[in-house]
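One file, input.pdb, is given below (PDB, C-alpha atoms and all ligand atoms).
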ATOM      1  CA  MET A  22       3.890  -6.051 -35.164  1.00  0.00           C
ATOM      2  CA  THR A  23       4.559  -7.077 -31.586  1.00  0.00           C
ATOM      3  CA  LYS A  24       2.762 -10.005 -30.165  1.00  0.00           C
ATOM      4  CA  HIS A  25       0.201  -9.114 -27.548  1.00  0.00           C
ATOM      5  CA  GLU A  26      -0.711 -11.613 -24.914  1.00  0.00           C
ATOM      6  CA  LEU A  27      -4.217 -11.103 -23.639  1.00  0.00           C
ATOM      7  CA  ASN A  28      -4.312 -10.716 -19.879  1.00  0.00           C
ATOM      8  CA  ASN A  29      -6.660 -13.010 -18.071  1.00  0.00           C
ATOM      9  CA  GLY A  30      -5.154 -13.327 -14.595  1.00  0.00           C
ATOM     10  CA  PRO A  31      -7.187 -12.807 -11.399  1.00  0.00           C
ATOM     11  CA  ASN A  32      -6.198  -9.160 -10.895  1.00  0.00           C
ATOM     12  CA  ILE A  33      -7.156  -8.192 -14.395  1.00  0.00           C
ATOM     13  CA  GLN A  34     -10.414 -10.115 -14.081  1.00  0.00           C
ATOM     14  CA  LYS A  35     -11.208  -8.211 -10.920  1.00  0.00           C
ATOM     15  CA  GLU A  36     -10.439  -4.872 -12.562  1.00  0.00           C
ATOM     16  CA  LYS A  37     -12.730  -5.788 -15.414  1.00  0.00           C
ATOM     17  CA  GLU A  38     -15.484  -6.603 -12.978  1.00  0.00           C
ATOM     18  CA  MET A  39     -14.982  -3.250 -11.239  1.00  0.00           C
ATOM     19  CA  VAL A  40     -14.955  -1.263 -14.447  1.00  0.00           C
ATOM     20  CA  THR A  41     -18.124  -2.987 -15.594  1.00  0.00           C
ATOM     21  CA  LYS A  42     -19.825  -2.211 -12.277  1.00  0.00           C
ATOM     22  CA  MET A  43     -18.646   1.381 -12.195  1.00  0.00           C
ATOM     23  CA  ILE A  44     -19.821   2.138 -15.691  1.00  0.00           C
ATOM     24  CA  GLY A  45     -23.136   0.392 -15.025  1.00  0.00           C
ATOM     25  CA  LEU A  46     -23.626   2.463 -11.892  1.00  0.00           C
ATOM     26  CA  TYR A  47     -22.660   5.669 -13.638  1.00  0.00           C
ATOM     27  CA  CYS A  48     -25.110   5.044 -16.455  1.00  0.00           C
ATOM     28  CA  LEU A  49     -27.866   4.082 -14.038  1.00  0.00           C
ATOM     29  CA  LYS A  50     -27.467   7.258 -11.984  1.00  0.00           C
ATOM     30  CA  LYS A  51     -26.459   9.702 -14.695  1.00  0.00           C
ATOM     31  CA  HIS A  52     -28.291   8.454 -17.751  1.00  0.00           C
ATOM     32  CA  HIS A  53     -31.082   6.600 -15.930  1.00  0.00           C
ATOM     33  CA  GLN A  54     -30.528   3.441 -17.922  1.00  0.00           C
ATOM     34  CA  HIS A  55     -30.840   0.036 -16.328  1.00  0.00           C
ATOM     35  CA  VAL A  56     -28.891  -1.463 -19.166  1.00  0.00           C
ATOM     36  CA  PRO A  57     -25.876   0.689 -20.092  1.00  0.00           C
ATOM     37  CA  CYS A  58     -26.656   3.030 -22.984  1.00  0.00           C
ATOM     38  CA  GLU A  59     -24.730   2.887 -26.233  1.00  0.00           C
ATOM     39  CA  GLU A  60     -22.144   5.439 -25.151  1.00  0.00           C
ATOM     40  CA  CYS A  61     -21.437   3.718 -21.847  1.00  0.00           C
ATOM     41  CA  GLU A  62     -21.406   0.315 -23.481  1.00  0.00           C
ATOM     42  CA  GLU A  63     -18.783   1.573 -25.896  1.00  0.00           C
ATOM     43  CA  LEU A  64     -16.684   3.014 -23.099  1.00  0.00           C
ATOM     44  CA  LYS A  65     -16.972  -0.284 -21.259  1.00  0.00           C
ATOM     45  CA  SER A  66     -15.773  -2.412 -24.150  1.00  0.00           C
ATOM     46  CA  TYR A  67     -12.938   0.019 -24.728  1.00  0.00           C
ATOM     47  CA  ALA A  68     -11.902  -0.154 -21.073  1.00  0.00           C
ATOM     48  CA  LEU A  69     -12.062  -3.953 -21.041  1.00  0.00           C
ATOM     49  CA  LYS A  70      -9.899  -4.087 -24.133  1.00  0.00           C
ATOM     50  CA  ARG A  71      -7.302  -1.781 -22.561  1.00  0.00           C
ATOM     51  CA  LEU A  72      -7.190  -4.074 -19.541  1.00  0.00           C
ATOM     52  CA  SER A  73      -6.752  -7.144 -21.713  1.00  0.00           C
ATOM     53  CA  LEU A  74      -3.811  -5.482 -23.414  1.00  0.00           C
ATOM     54  CA  CYS A  75      -2.301  -3.724 -20.366  1.00  0.00           C
ATOM     55  CA  GLN A  76       1.453  -4.160 -20.596  1.00  0.00           C
ATOM     56  CA  PHE A  77       1.768  -4.637 -16.855  1.00  0.00           C
ATOM     57  CA  GLY A  78      -0.688  -7.496 -16.695  1.00  0.00           C
ATOM     58  CA  GLU A  79      -1.061  -8.881 -13.193  1.00  0.00           C
ATOM     59  CA  GLU A  80       1.517  -6.400 -11.873  1.00  0.00           C
ATOM     60  CA  LYS A  81      -0.569  -3.430 -12.834  1.00  0.00           C
ATOM     61  CA  THR A  82      -1.270  -0.645 -10.382  1.00  0.00           C
ATOM     62  CA  ALA A  83      -4.404   1.502 -10.337  1.00  0.00           C
ATOM     63  CA  CYS A  84      -4.942   2.925 -13.812  1.00  0.00           C
ATOM     64  CA  SER A  85      -5.032   6.443 -12.352  1.00  0.00           C
ATOM     65  CA  ASN A  86      -1.474   5.964 -11.058  1.00  0.00           C
ATOM     66  CA  CYS A  87      -0.129   4.398 -14.196  1.00  0.00           C
ATOM     67  CA  SER A  88       2.665   6.164 -16.052  1.00  0.00           C
ATOM     68  CA  VAL A  89       1.490   4.777 -19.381  1.00  0.00           C
ATOM     69  CA  HIS A  90      -1.622   6.567 -20.505  1.00  0.00           C
ATOM     70  CA  CYS A  91      -3.014   3.942 -22.789  1.00  0.00           C
ATOM     71  CA  TYR A  92      -6.440   5.558 -23.080  1.00  0.00           C
ATOM     72  CA  LYS A  93      -7.298   7.834 -25.955  1.00  0.00           C
ATOM     73  CA  PRO A  94      -7.943  11.364 -24.581  1.00  0.00           C
ATOM     74  CA  ASP A  95     -11.635  11.063 -25.353  1.00  0.00           C
ATOM     75  CA  TYR A  96     -12.101   7.870 -23.442  1.00  0.00           C
ATOM     76  CA  ARG A  97      -9.813   8.992 -20.675  1.00  0.00           C
ATOM     77  CA  LYS A  98     -12.006  12.015 -20.073  1.00  0.00           C
ATOM     78  CA  LYS A  99     -15.131   9.878 -19.954  1.00  0.00           C
ATOM     79  CA  MET A 100     -13.498   7.327 -17.725  1.00  0.00           C
ATOM     80  CA  LYS A 101     -12.371  10.022 -15.316  1.00  0.00           C
ATOM     81  CA  ALA A 102     -15.951  11.197 -14.975  1.00  0.00           C
ATOM     82  CA  VAL A 103     -17.088   7.628 -14.330  1.00  0.00           C
ATOM     83  CA  MET A 104     -14.385   7.065 -11.728  1.00  0.00           C
ATOM     84  CA  ARG A 105     -15.085  10.350  -9.995  1.00  0.00           C
ATOM     85  CA  TYR A 106     -18.756   9.560  -9.866  1.00  0.00           C
ATOM     86  CA  SER A 107     -18.713   5.850  -9.088  1.00  0.00           C
ATOM     87  CA  GLY A 108     -15.562   5.764  -6.972  1.00  0.00           C
ATOM     88  CA  PRO A 109     -17.219   6.778  -3.696  1.00  0.00           C
ATOM     89  CA  TRP A 110     -19.962   4.188  -4.255  1.00  0.00           C
ATOM     90  CA  MET A 111     -17.382   1.508  -4.796  1.00  0.00           C
ATOM     91  CA  VAL A 112     -15.909   2.274  -1.365  1.00  0.00           C
ATOM     92  CA  LEU A 113     -19.297   1.429   0.097  1.00  0.00           C
ATOM     93  CA  TYR A 114     -19.837  -1.671  -1.984  1.00  0.00           C
ATOM     94  CA  HIS A 115     -16.316  -3.046  -2.067  1.00  0.00           C
ATOM     95  CA  PRO A 116     -14.368  -1.668   0.908  1.00  0.00           C
ATOM     96  CA  ILE A 117     -11.561  -4.211   0.697  1.00  0.00           C
ATOM     97  CA  TYR A 118     -10.936  -3.608  -2.937  1.00  0.00           C
ATOM     98  CA  SER A 119     -10.887   0.152  -2.500  1.00  0.00           C
ATOM     99  CA  VAL A 120      -8.495  -0.028   0.405  1.00  0.00           C
ATOM    100  CA  LYS A 121      -6.157  -2.138  -1.656  1.00  0.00           C
ATOM    101  CA  HIS A 122      -6.317   0.409  -4.424  1.00  0.00           C
ATOM    102  CA  LEU A 123      -5.648   3.268  -2.050  1.00  0.00           C
ATOM    103  CA  LEU A 124      -2.574   1.508  -0.745  1.00  0.00           C
ATOM    104  CA  ASN A 125      -1.250   1.400  -4.274  1.00  0.00           C
ATOM    105  CA  LYS A 126      -1.052   5.155  -4.283  1.00  0.00           C
TER     106      LYS A 126
HETATM  107 ZN    ZN A 201     -24.930   5.816 -20.212  1.00  0.00          ZN
END

Spit out the file's structure as structure tokens when you get a sec.
Amino acid sequence: MTKHELNNGPNIQKEKEMVTKMIGLYCLKKHHQHVPCEECEELKSYALKRLSLCQFGEEKTACSNCSVHCYKPDYRKKMKAVMRYSGPWMVLYHPIYSVKHLLNK
């Protein structure tokens, strides 16, 4: 078994914050839950775990551009829906962050 270092640098922390916000927003608008429902909560903890274990750590690019698809197909599909839905909102809420992400493309 290879040793996995858990990522906890500033970039990863920021990504975690974004993912948490995006899933929260998605659930609020799509599922009308003020506290993420079970399904979204599960997706969130999965996403946070993937970030903690991302092999690129602080050097990581946007997950959508990554060549390593570390998500299970199920979760990837759900995450895509979340990103598609919450992405435009994030541009409004966090313009700087979104611009940085776009430049990564
Ligand atoms: Zn939900």

Practice prompt. With the file shown as input, list the residues that the PyMOL selection byres (((not hetatm)) within 10 of (chain A and resi 201)) selects, as a PyMOL selection string.
Written response: chain A and resi 44-64+103

Practice prompt. Choose the residue, out of A:Thr41, A:Ser66, A:Gln34, A:Asn29, that has the smallest atom-to-atom separation from A:Tyr96; count all atoms listed in the file.
Written response: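 Closest to A:Tyr96, using all atoms listed in the file: A:Ser66.
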
Worksheet entry | Exercise: A:Leu72 partners within 10 Å, all atoms listed in the file, chain neighbours under 4 positions left out, as a list in words |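 Close residues of A:Leu72: Leu27, Asn28, Asn29, Ile33, Gln34, Glu36, Lys37, Val40, Ser66, Tyr67, Ala68, Gln76, Phe77, Gly78, Lys81, Cys84 and Cys91 of chain A.
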
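The spacing separating atom CA of A:Ser107 from atom CA of A:Lys42 amounts to 8.7 Å.
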
Worksheet item: Counting only C-alpha atoms, which of A:Met43, A:Cys87, A:Glu38, A:Arg97 gets nearest to A:Met111?
Response: A:Met43

Enclose stretch 49-64 of chain A, meaning all of its atoms listed in the file, in a box aligned along x, y and z, pad it by 6 Å on each side, and list the centre and edge lengths in Å to one decimal, as AutoDock Vina command-line options.
--center_x -23.9 --center_y 4.1 --center_z -19.1 --size_x 26.4 --size_y 23.2 --size_z 26.2

Practice prompt. Would you please work out which residue, of A:Pro109, A:Pro31, A:Lys98, A:Glu26, is nearest to A:Cys75 when using all atoms listed in the file?
Written response: A:Glu26

Response to the item:
atom CA of A:Ser88 to atom CA of A:Leu113 measures 27.7 Å

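Considering all atoms listed in the file, the residue among A:Tyr106, A:Lys101, A:Gly30, A:Pro94 positioned nearest to A:Leu74 is A:Gly30.
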